[in-house]
file structure20.cif (mmCIF, C-alpha atoms)
data_work
loop_
_atom_site.label_atom_id
_atom_site.label_comp_id
_atom_site.auth_asym_id
_atom_site.auth_seq_id
_atom_site.Cartn_x
_atom_site.Cartn_y
_atom_site.Cartn_z
CA MET W 28 109.33 121.71 122.05
CA TYR W 29 108.54 123.07 125.52
CA PRO W 30 109.45 126.70 124.76
CA HIS W 31 107.29 126.60 121.64
CA GLU W 32 104.37 125.13 123.54
CA ARG W 33 104.79 127.61 126.41
CA SER W 34 104.71 130.50 123.97
CA LEU W 35 101.58 129.12 122.28
CA VAL W 36 99.84 128.86 125.65
CA LYS W 37 100.87 132.43 126.43
CA ASP W 38 99.95 133.84 123.00
CA TYR W 39 96.53 132.22 123.01
CA ALA W 40 95.57 132.76 126.64
CA GLU W 41 91.95 133.99 126.73
CA ARG W 42 91.35 132.67 123.22
CA PRO W 43 89.66 129.42 122.19
CA PHE W 44 92.78 127.26 122.20
CA ALA W 45 94.15 124.43 124.31
CA ILE W 46 97.08 122.07 124.18
CA ILE W 47 96.18 118.56 125.27
CA GLY W 48 98.97 116.06 125.64
CA VAL W 49 99.08 112.30 125.63
CA ASN W 50 102.10 111.50 127.72
CA SER W 51 104.02 108.25 127.31
CA ASP W 52 106.64 108.58 130.03
CA ARG W 53 107.34 105.62 132.29
CA ASP W 54 107.70 107.25 135.67
CA ARG W 55 104.73 109.32 136.78
CA ASP W 56 106.40 110.89 139.82
CA LYS W 57 109.46 111.92 137.86
CA LEU W 58 107.17 113.37 135.19
CA LYS W 59 105.37 115.45 137.82
CA GLU W 60 108.72 116.92 138.85
CA ARG W 61 109.59 117.71 135.23
CA ILE W 62 106.19 119.36 134.72
CA VAL W 63 107.00 121.77 137.54
CA GLU W 64 110.58 122.35 136.34
CA GLU W 65 109.51 123.07 132.77
CA SER W 66 106.37 125.07 133.66
CA ILE W 67 104.18 122.69 131.69
CA THR W 68 100.73 124.09 132.31
CA TRP W 69 98.80 122.11 129.74
CA ARG W 70 96.92 118.97 130.63
CA SER W 71 97.92 115.51 129.47
CA PHE W 72 96.33 112.11 129.31
CA TRP W 73 98.42 109.42 130.98
CA ASN W 74 99.21 106.74 128.40
CA GLY W 75 99.78 104.02 130.98
CA GLY W 76 103.50 104.59 131.38
CA SER W 77 104.60 103.37 127.97
CA THR W 78 104.96 104.36 124.34
CA SER W 79 102.86 101.28 123.61
CA GLY W 80 100.11 102.36 126.02
CA PRO W 81 96.40 102.15 125.12
CA ILE W 82 95.89 105.62 123.64
CA SER W 83 98.98 105.74 121.40
CA THR W 84 98.38 102.16 120.28
CA ARG W 85 94.76 102.90 119.34
CA TRP W 86 95.87 106.06 117.52
CA ASN W 87 98.66 104.15 115.77
CA VAL W 88 101.33 106.55 116.94
CA SER W 89 104.80 105.39 115.99
CA GLY W 90 106.79 108.62 116.26
CA TRP W 91 107.10 111.19 119.01
CA PRO W 92 105.99 113.88 119.06
CA THR W 93 102.95 113.26 116.86
CA ILE W 94 100.64 116.24 116.57
CA TYR W 95 97.02 116.60 115.50
CA VAL W 96 95.38 120.00 115.22
CA ILE W 97 91.63 119.79 115.82
CA ASP W 98 89.20 122.63 115.07
CA HIS W 99 86.53 123.98 117.42
CA THR W 100 83.92 121.61 115.95
CA GLY W 101 86.06 118.56 116.70
CA LYS W 102 87.31 117.90 113.17
CA ILE W 103 90.89 116.84 112.46
CA ARG W 104 92.34 119.61 110.30
CA TYR W 105 96.13 119.13 110.40
CA ARG W 106 98.51 116.30 111.20
CA ASP W 107 102.20 116.38 111.96
CA VAL W 108 102.70 120.06 111.37
CA ARG W 109 105.73 121.64 112.98
CA GLY W 110 107.30 125.03 113.55
CA ASP W 111 105.90 127.84 111.43
CA ALA W 112 103.36 125.57 109.76
CA LEU W 113 102.01 124.63 113.20
CA ASP W 114 101.76 128.30 114.20
CA ALA W 115 99.96 129.15 110.97
CA ALA W 116 97.53 126.24 111.39
CA ILE W 117 96.65 127.28 114.93
CA ALA W 118 96.28 130.96 113.99
CA GLU W 119 93.92 130.07 111.13
CA LEU W 120 91.75 127.75 113.20
CA VAL W 121 91.57 130.03 116.24
CA GLU W 122 90.36 132.87 114.03
CA GLU W 123 87.83 130.53 112.48
CA ALA W 124 86.63 129.53 115.96
CA GLU W 125 86.34 133.16 117.04
CA ARG W 126 84.34 134.09 113.94
CA ALA W 127 81.97 131.21 114.68
CA LEU W 128 81.62 132.33 118.29
CA GLU W 129 80.86 135.88 117.18
CA LYS W 130 78.14 134.65 114.86
CA GLN W 131 76.62 132.64 117.67
CA GLY W 132 76.72 135.70 119.92
CA ARG W 133 74.81 137.82 117.44
CA MET S 4 141.35 85.03 93.66
CA ILE S 5 140.28 86.60 90.40
CA HIS S 6 143.89 87.10 89.42
CA THR S 7 145.04 83.61 90.36
CA LEU S 8 143.30 81.75 87.62
CA PRO S 9 145.00 83.23 84.55
CA LEU S 10 148.32 82.82 86.30
CA LEU S 11 147.73 79.13 86.90
CA LEU S 12 146.64 78.53 83.35
CA ALA S 13 149.70 80.29 82.13
CA LEU S 14 152.02 78.06 84.11
CA PRO S 15 154.20 76.04 81.80
CA GLY S 16 153.71 72.31 82.21
CA GLY S 17 150.14 72.66 83.28
CA PRO S 18 147.70 70.02 82.18
CA ALA S 19 146.87 70.15 78.51
CA PRO S 20 143.24 71.14 78.01
CA GLU S 21 142.20 67.76 76.54
CA CYS S 22 143.63 65.91 79.56
CA ALA S 23 141.84 67.94 82.15
CA ALA S 24 138.97 65.68 83.12
CA PRO S 25 137.03 68.31 85.02
CA PRO S 26 136.30 71.35 82.95
CA ALA S 27 138.16 74.44 83.99
CA LEU S 28 135.07 75.84 85.71
CA ALA S 29 134.90 72.88 88.05
CA SER S 30 138.32 73.59 89.47
CA PRO S 31 138.06 74.35 93.19
CA LEU S 32 139.72 77.66 92.52
CA THR S 33 136.88 78.87 90.36
CA VAL S 34 133.72 77.25 91.76
CA ALA S 35 134.29 78.00 95.41
CA PRO S 36 131.76 80.81 95.92
CA ARG S 37 133.66 83.97 96.51
CA ASP S 38 133.07 84.76 100.13
CA ILE S 39 131.86 88.33 100.06
CA THR S 40 130.91 88.41 103.75
CA GLU S 41 134.18 90.02 104.76
CA ASP S 42 133.94 92.66 102.05
CA VAL S 43 130.35 93.40 103.06
CA GLN S 44 131.28 93.71 106.72
CA ALA S 45 134.25 95.92 105.85
CA ALA S 46 132.07 98.29 103.81
CA ILE S 47 129.51 98.58 106.63
CA LYS S 48 132.26 99.03 109.21
CA ALA S 49 133.88 101.78 107.16
CA PHE S 50 130.59 103.65 107.07
CA ASP S 51 129.93 103.13 110.79
CA GLU S 52 133.41 104.47 111.61
CA ALA S 53 132.97 107.51 109.39
CA TYR S 54 129.61 108.13 111.02
CA SER S 55 130.97 107.80 114.57
CA ALA S 56 133.83 110.14 113.69
CA TRP S 57 131.33 112.67 112.35
CA ILE S 58 129.22 112.42 115.52
CA GLU S 59 132.35 113.03 117.60
CA LYS S 60 133.21 116.10 115.56
CA LEU S 61 129.65 117.34 115.94
CA ARG S 62 129.80 116.91 119.72
CA ALA S 63 133.05 118.82 119.95
CA ALA S 64 131.89 121.59 117.60
CA SER S 65 130.66 124.98 118.66
CA GLU S 66 127.13 126.11 117.78
CA ASP S 67 128.47 128.07 114.77
CA GLU S 68 130.60 125.25 113.39
CA ARG S 69 127.70 122.80 113.51
CA GLU S 70 125.89 124.32 110.57
CA ALA S 71 128.82 123.53 108.26
CA LEU S 72 129.28 120.08 109.76
CA TYR S 73 125.72 119.04 108.95
CA ALA S 74 126.64 119.21 105.29
CA GLU S 75 129.47 116.75 105.92
CA ARG S 76 127.19 114.11 107.37
CA PRO S 77 128.35 110.78 105.87
CA ASN S 78 125.99 109.68 103.13
CA PRO S 79 125.10 105.97 103.19
CA GLY S 80 124.27 106.13 99.46
CA LYS S 81 127.81 105.32 98.33
CA THR S 82 128.13 102.43 100.75
CA CYS S 83 124.80 101.13 99.47
CA THR S 84 126.00 101.29 95.86
CA GLN S 85 129.09 99.34 96.86
CA LEU S 86 127.02 96.77 98.80
CA LEU S 87 124.55 96.31 95.95
CA GLU S 88 127.41 95.59 93.55
CA LEU S 89 129.02 93.13 95.94
CA ALA S 90 125.77 91.33 96.67
CA ASP S 91 125.01 90.81 93.00
CA THR S 92 128.22 88.79 92.61
CA GLU S 93 127.03 86.09 95.06
CA PRO S 94 123.29 86.65 95.50
CA ALA S 95 122.60 83.44 97.43
CA SER S 96 125.31 84.03 100.03
CA VAL S 97 124.98 85.12 103.64
CA GLY S 98 127.11 88.12 102.72
CA ALA S 99 124.59 89.21 100.09
CA PHE S 100 121.77 88.84 102.62
CA GLU S 101 123.63 91.09 105.08
CA ALA S 102 124.39 93.60 102.33
CA TRP S 103 120.76 93.82 101.22
CA ARG S 104 119.56 93.98 104.83
CA TRP S 105 121.72 97.06 105.36
CA VAL S 106 120.67 98.70 102.10
CA ALA S 107 116.99 98.01 102.86
CA SER S 108 117.22 100.05 106.05
CA SER S 109 119.82 102.69 105.12
CA GLY S 110 119.53 103.21 101.38
CA SER S 111 117.48 105.63 99.34
CA ASP S 112 113.99 104.45 98.42
CA GLU S 113 115.35 103.32 95.08
CA GLN S 114 118.24 101.39 96.61
CA ALA S 115 115.93 99.85 99.21
CA ALA S 116 113.63 98.72 96.39
CA ARG S 117 116.53 96.98 94.64
CA ALA S 118 117.58 95.29 97.88
CA ALA S 119 114.00 94.25 98.63
CA SER S 120 113.49 92.74 95.22
CA SER S 121 116.77 90.80 95.44
CA LEU S 122 115.89 89.52 98.92
CA ALA S 123 112.51 88.38 97.63
CA GLN S 124 114.24 86.60 94.78
CA HIS S 125 117.07 84.89 96.67
CA HIS S 126 116.32 84.75 100.40
CA LEU S 127 112.66 83.89 100.95
CA GLU S 128 113.63 81.08 103.31
CA ASN S 129 115.56 83.28 105.70
CA GLU S 130 113.58 83.87 108.88
CA ALA S 131 115.28 87.21 109.47
CA LEU S 132 113.43 88.48 106.41
CA ALA S 133 110.39 89.18 108.62
CA GLU S 134 111.93 92.17 110.41
CA ILE S 135 113.42 93.46 107.16
CA ALA S 136 109.99 93.31 105.52
CA LEU S 137 108.51 95.26 108.43
CA GLY S 138 111.17 97.96 108.14
CA LEU S 139 110.42 98.36 104.44
CA MET S 140 107.13 100.09 105.27
CA TYR S 141 109.10 103.35 105.37
CA SER S 142 110.59 102.90 101.90
CA GLY S 143 107.84 104.12 99.60
CA THR S 144 105.84 102.44 96.88
CA GLY S 145 108.94 101.10 95.09
CA VAL S 146 109.10 98.12 97.46
CA ALA S 147 105.44 97.14 97.06
CA GLU S 148 106.07 94.43 94.50
CA ALA S 149 108.89 92.86 96.52
CA LEU S 150 106.75 92.90 99.67
CA GLU S 151 103.96 91.11 97.87
CA ALA S 152 106.46 88.52 96.63
CA MET S 153 107.71 87.99 100.21
CA ALA S 154 104.16 87.75 101.56
CA LYS S 155 103.19 85.16 98.98
CA GLY S 156 106.49 83.30 98.68
CA SER S 157 107.95 83.00 102.16
CA PRO S 158 107.31 79.72 104.00
CA HIS S 159 107.31 81.59 107.33
CA ALA S 160 104.11 83.06 108.81
CA ALA S 161 106.08 85.88 110.45
CA THR S 162 107.54 87.02 107.14
CA GLN S 163 104.18 86.71 105.39
CA GLY S 164 102.44 88.76 108.08
CA CYS S 165 105.14 91.43 108.29
CA ALA S 166 105.26 91.80 104.51
CA TRP S 167 101.47 92.17 104.24
CA TYR S 168 101.45 94.65 107.11
CA ALA S 169 104.22 96.76 105.55
CA LEU S 170 102.47 96.64 102.18
CA ALA S 171 99.21 97.81 103.74
CA LYS S 172 101.00 100.74 105.35
CA ILE S 173 102.58 101.77 102.04
CA LEU S 174 99.27 101.48 100.19
CA ALA S 175 97.43 103.48 102.86
CA GLU S 176 100.00 106.24 102.60
CA SER S 177 99.95 106.28 98.82
CA GLY S 178 96.18 106.75 98.87
CA ASP S 179 95.00 103.24 98.00
CA ALA S 180 92.86 103.01 101.12
CA ALA S 181 90.56 100.28 99.79
CA ARG S 182 93.35 97.78 99.06
CA ALA S 183 95.16 98.75 102.28
CA GLU S 184 92.04 97.94 104.29
CA GLU S 185 91.60 94.63 102.53
CA ILE S 186 95.16 93.62 103.41
CA ILE S 187 94.91 94.86 107.01
CA LYS S 188 91.90 92.58 107.45
CA VAL S 189 93.97 89.64 106.20
CA VAL S 190 96.69 90.51 108.74
CA LEU S 191 94.09 90.71 111.51
CA ALA S 192 92.51 87.40 110.52
CA LYS S 193 95.67 85.36 109.97
CA TYR S 194 98.71 87.02 111.50
CA GLY S 195 97.48 88.78 114.64
CA ASP S 196 99.71 86.71 116.92
CA VAL S 197 102.93 87.26 114.99
CA GLU S 198 105.43 88.87 117.34
CA VAL S 199 107.55 91.75 116.08
CA TYR S 200 110.14 94.20 117.36
CA GLY S 201 111.91 91.52 119.36
CA GLY S 202 108.66 90.21 120.85
CA ARG S 203 107.61 93.58 122.22
CA ARG S 204 104.61 94.00 119.91
CA LYS S 205 102.18 91.82 117.97
CA LEU S 206 100.90 92.43 114.47
CA GLY S 207 97.25 92.26 115.60
CA PRO S 208 97.19 95.44 117.70
CA LEU S 209 99.47 97.18 115.19
CA ALA S 210 97.09 96.32 112.35
CA GLU S 211 94.10 97.48 114.41
CA GLY S 212 95.89 100.78 114.94
CA MET S 213 96.55 101.10 111.24
CA LEU S 214 92.91 100.37 110.41
CA PHE S 215 91.77 102.92 113.01
CA GLU S 216 94.13 105.53 111.59
CA ALA S 217 93.00 104.87 108.02
CA THR S 218 89.30 104.96 108.79
CA ARG S 219 89.03 107.43 111.70
CA LEU S 220 92.06 109.71 111.83
CA GLN S 221 92.23 111.31 108.42
CA ILE S 222 92.08 115.04 107.87
CA GLY S 223 88.47 116.26 107.78
CA MET S 224 87.18 113.44 109.97
CA GLN S 225 85.45 113.97 113.31
CA THR S 226 88.05 113.27 116.01
CA PRO S 227 87.42 110.06 117.96
CA ASP S 228 87.04 110.88 121.62
CA ILE S 229 89.69 110.02 124.18
CA ASP S 230 88.38 109.12 127.61
CA GLY S 231 91.19 108.77 130.10
CA GLU S 232 92.86 110.23 133.13
CA ASP S 233 95.40 113.00 133.50
CA ILE S 234 98.81 112.74 135.15
CA ASP S 235 97.21 113.28 138.57
CA GLY S 236 94.68 110.52 137.98
CA VAL S 237 91.72 112.82 137.32
CA GLY S 238 89.41 111.59 134.57
CA PHE S 239 88.67 113.75 131.54
CA LYS S 240 87.75 113.56 127.88
CA LEU S 241 89.14 115.13 124.77
CA SER S 242 85.60 116.21 123.89
CA ASP S 243 85.53 118.37 127.07
CA TYR S 244 87.49 120.85 124.95
CA ARG S 245 84.97 121.06 122.11
CA GLY S 246 84.54 124.71 121.10
CA LYS S 247 88.28 125.29 121.36
CA VAL S 248 91.04 124.59 118.87
CA VAL S 249 93.01 121.69 120.30
CA MET S 250 96.62 120.88 119.60
CA LEU S 251 96.75 117.20 120.50
CA ASP S 252 100.33 116.36 121.25
CA PHE S 253 101.61 112.80 121.78
CA TRP S 254 104.72 113.51 123.80
CA GLY S 255 107.23 112.21 126.27
CA ASP S 256 109.90 113.87 128.35
CA TRP S 257 112.88 112.13 126.76
#

call {"tool": "encode", "arguments": {"input": "structure20.cif", "output": "structure tokens"}}
result
Amino acid sequence: MYPHERSLVKDYAERPFAIIGVNSDRDRDKLKERIVEESITWRSFWNGGSTSGPISTRWNVSGWPTIYVIDHTGKIRYRDVRGDALDAAIAELVEEAERALEKQGR
Amino acid sequence: MIHTLPLLLALPGGPAPECAAPPALASPLTVAPRDITEDVQAAIKAFDEAYSAWIEKLRAASEDEREALYAERPNPGKTCTQLLELADTEPASVGAFEAWRWVASSGSDEQAARAASSLAQHHLENEALAEIALGLMYSGTGVAEALEAMAKGSPHAATQGCAWYALAKILAESGDAARAEEIIKVVLAKYGDVEVYGGRRKLGPLAEGMLFEATRLQIGMQTPDIDGEDIDGVGFKLSDYRGKVVMLDFWGDW
């Protein structure tokens, strides 16, 4: 996953896109080391050090990774898309966001 | 055993039929339930060994060879067919229970449905049915009827709760949100304290999660906010990123 995420961050730098993680690792210090090693630049919520932490429990997450793609207005638009389908979903929604921003600018 | 009976009957000097007080069927040779446990265990072991051997081959293979090896992945379908046949010969036995347990978790949706329905018919009393019922939530709508039978027929609260919970999950995924919600509320009201996954989770929080997912996390819905802290302990909210497309990724470094 990391290479895919890194390339998304790179491809969409300067565009209205962000990856937000919810991390369920146990050891926070070890995770910080891994974040440096893997050049993970995106921000993550800390799920309390467990896969059964408060955020993943509330969101009923039972498989990892679980992915939601949310549009610029805050609506859930895609769930559990992967690979090419994930790329296509992000491309579509980023363009949609940019069109909306342009309209606002006019 | 099957072959012994005709041989015995054919023995010269055997008791004449009219003298045999117990009918032939009552002879210990024929009524003793055939113990299928060993056959069941052997079938499962054979699959496990084939699977381990395949994993070993995969580990040793080069990147190029792997592609071809994936096609050779042992298919549990045949083992399930064998187990289903065995179990049907002695449905009330421990061996049959073990066979159906395996098929419920490893078989195709159709095979799992057959196993589930047989378990509901013959093994409602077995306490281990609770975890099997829970696992059936991944087996599609074919197990719905069996789950309902387990929920209504088992004397154990854990099995009832797990079966309702699994049924709700299946209904929610098949688009019957109204009935799913109704059942989730029953789970919350009556079975919230039932422990599952070896005591690591309780049905209450799981059912709350399912209700939240069904009513707040569907495509087209406004995303519920997350208010938490990042890895460095700095507080932030998901809604801070409004105006951007967000890929929300539940992940772990494992």

call {"tool": "closest_residue", "arguments": {"input": "structure20.cif", "among": "W:Ile82, W:Pro30, W:Glu125, W:Pro43", "to": "chain S", "atoms": "all atoms listed in the file"}}
result
W:Pro43

call {"tool": "closest_atom_pairs", "arguments": {"input": "structure20.cif", "of": "chain W", "to": "chain S", "cutoff": "7 Å", "atoms": "all atoms listed in the file", "output": "tab-separated table"}}
result
residue	atom	partner	partner_atom	distance
W:Pro43	CA	S:Lys247	CA	4.4
W:Phe44	CA	S:Val248	CA	4.6
W:Ala45	CA	S:Val249	CA	5.0
W:Ile46	CA	S:Met250	CA	4.8
W:Ile47	CA	S:Leu251	CA	5.0
W:Gly48	CA	S:Asp252	CA	4.6
W:Val49	CA	S:Phe253	CA	4.6
W:Asn50	CA	S:Trp254	CA	5.1
W:Ser51	CA	S:Gly255	CA	5.2
W:Asp52	CA	S:Gly255	CA	5.3
W:Arg70	CA	S:Asp233	CA	6.8
W:Ser71	CA	S:Asp233	CA	5.4
W:Phe72	CA	S:Asp233	CA	4.4
W:Trp73	CA	S:Asp233	CA	5.3
W:Thr84	CA	S:Gly212	CA	6.1
W:Arg85	CA	S:Gly212	CA	5.0
W:Trp86	CA	S:Gly212	CA	5.9
W:Asn87	CA	S:Gly212	CA	4.4
W:Trp91	CA	S:Trp254	CA	5.8
W:Pro92	CA	S:Trp254	CA	4.9
W:Thr93	CA	S:Phe253	CA	5.1
W:Ile94	CA	S:Asp252	CA	4.7
W:Tyr95	CA	S:Leu251	CA	5.0
W:Val96	CA	S:Met250	CA	4.6
W:Ile97	CA	S:Val249	CA	5.1
W:Asp98	CA	S:Val248	CA	4.7
W:His99	CA	S:Gly246	CA	4.2
W:Thr100	CA	S:Gly246	CA	6.0
W:Gly101	CA	S:Thr226	CA	5.7
W:Lys102	CA	S:Gln225	CA	4.4
W:Ile103	CA	S:Ile222	CA	5.1
W:Arg104	CA	S:Ile222	CA	5.2
W:Tyr105	CA	S:Ile222	CA	6.3
W:Leu120	CA	S:Val248	CA	6.5
W:Val121	CA	S:Val248	CA	6.1

call {"tool": "atom_distance", "arguments": {"input": "structure20.cif", "atom1": "atom CA of S:Gly201", "atom2": "atom CA of S:Glu134"}}
result
9.0 Å

call {"tool": "residues_around", "arguments": {"input": "structure20.cif", "residues": "S:Ala160", "least_positions_apart": "2", "cutoff": "9 Å", "atoms": "all atoms listed in the file", "output": "list in words"}}
result
Ala133, Ala154, Ser157, Pro158, Thr162, Gln163, Gly164, Cys165, Lys193, Tyr194 and Val197 of chain S

call {"tool": "residues_around", "arguments": {"input": "structure20.cif", "residues": "stretch 112-116 of chain S", "least_positions_apart": "5", "cutoff": "7 Å", "atoms": "all atoms listed in the file", "output": "list in words"}}
result
Val106, Ala107, Ser142, Gly143, Gly145 and Val146 of chain S

call {"tool": "atom_distance", "arguments": {"input": "structure20.cif", "atom1": "atom CA of S:Gly138", "atom2": "atom CA of S:Glu184"}}
result
19.5 Å

call {"tool": "atom_distance", "arguments": {"input": "structure20.cif", "atom1": "atom CA of S:Leu150", "atom2": "atom CA of S:Lys188"}}
result
16.8 Å

call {"tool": "resolve_selection", "arguments": {"input": "structure20.cif", "expression": "the PyMOL selection byres ((chain S and resi 91) around 12)", "output": "PyMOL selection string"}}
result
chain S and resi 37+39+43+84-90+92-96+98-100+102-103+117-118+120-122+124-125

call {"tool": "residues_around", "arguments": {"input": "structure20.cif", "residues": "stretch 53-68 of chain W", "least_positions_apart": "3", "cutoff": "8 Å", "atoms": "all atoms listed in the file", "output": "list in words"}}
result
Tyr29, Arg33, Gly75, Gly76 and Ser77 of chain W; Ile234 and Asp256 of chain S

call {"tool": "residues_around", "arguments": {"input": "structure20.cif", "residues": "W:Arg109", "least_positions_apart": "2", "cutoff": "10 Å", "atoms": "all atoms listed in the file", "output": "ChimeraX atom specification"}}
result
/W:28,92-94,106-107,111-116

call {"tool": "write_last_selection", "arguments": {"input": "structure20.cif", "atoms": "C-alpha atoms", "output": "PDB file, in the coordinates of the input"}}
result
ATOM      1  CA  MET W  28     109.330 121.710 122.050  1.00  0.00           C
ATOM      2  CA  PRO W  92     105.990 113.880 119.060  1.00  0.00           C
ATOM      3  CA  THR W  93     102.950 113.260 116.860  1.00  0.00           C
ATOM      4  CA  ILE W  94     100.640 116.240 116.570  1.00  0.00           C
ATOM      5  CA  ARG W 106      98.510 116.300 111.200  1.00  0.00           C
ATOM      6  CA  ASP W 107     102.200 116.380 111.960  1.00  0.00           C
ATOM      7  CA  ASP W 111     105.900 127.840 111.430  1.00  0.00           C
ATOM      8  CA  ALA W 112     103.360 125.570 109.760  1.00  0.00           C
ATOM      9  CA  LEU W 113     102.010 124.630 113.200  1.00  0.00           C
ATOM     10  CA  ASP W 114     101.760 128.300 114.200  1.00  0.00           C
ATOM     11  CA  ALA W 115      99.960 129.150 110.970  1.00  0.00           C
ATOM     12  CA  ALA W 116      97.530 126.240 111.390  1.00  0.00           C
TER      13      ALA W 116
END

call {"tool": "resolve_selection", "arguments": {"input": "structure20.cif", "expression": "the PyMOL selection byres ((chain S and resi 54) around 12)", "output": "mmCIF file with C-alpha atoms, in the frame of the given file"}}
result
data_model
loop_
_atom_site.group_PDB
_atom_site.id
_atom_site.type_symbol
_atom_site.label_atom_id
_atom_site.label_comp_id
_atom_site.auth_asym_id
_atom_site.auth_seq_id
_atom_site.Cartn_x
_atom_site.Cartn_y
_atom_site.Cartn_z
ATOM 1 C CA ILE S 47 129.510 98.580 106.630
ATOM 2 C CA LYS S 48 132.260 99.030 109.210
ATOM 3 C CA ALA S 49 133.880 101.780 107.160
ATOM 4 C CA PHE S 50 130.590 103.650 107.070
ATOM 5 C CA ASP S 51 129.930 103.130 110.790
ATOM 6 C CA GLU S 52 133.410 104.470 111.610
ATOM 7 C CA ALA S 53 132.970 107.510 109.390
ATOM 8 C CA SER S 55 130.970 107.800 114.570
ATOM 9 C CA ALA S 56 133.830 110.140 113.690
ATOM 10 C CA TRP S 57 131.330 112.670 112.350
ATOM 11 C CA ILE S 58 129.220 112.420 115.520
ATOM 12 C CA GLU S 59 132.350 113.030 117.600
ATOM 13 C CA LYS S 60 133.210 116.100 115.560
ATOM 14 C CA LEU S 61 129.650 117.340 115.940
ATOM 15 C CA TYR S 73 125.720 119.040 108.950
ATOM 16 C CA GLU S 75 129.470 116.750 105.920
ATOM 17 C CA ARG S 76 127.190 114.110 107.370
ATOM 18 C CA PRO S 77 128.350 110.780 105.870
ATOM 19 C CA ASN S 78 125.990 109.680 103.130
ATOM 20 C CA PRO S 79 125.100 105.970 103.190
ATOM 21 C CA THR S 82 128.130 102.430 100.750
#

call {"tool": "closest_residue", "arguments": {"input": "structure20.cif", "among": "S:Ile135, S:Trp167, S:Met153, S:Gly178", "to": "S:Leu191", "atoms": "only C-alpha atoms"}}
result
S:Trp167

call {"tool": "axis_aligned_box", "arguments": {"input": "structure20.cif", "around": "stretch 41-51 of chain S", "padding_each_side": "6 Å", "output": "AutoDock Vina command-line options"}}
result
--center_x 131.9 --center_y 96.8 --center_z 106.4 --size_x 16.7 --size_y 25.6 --size_z 20.7
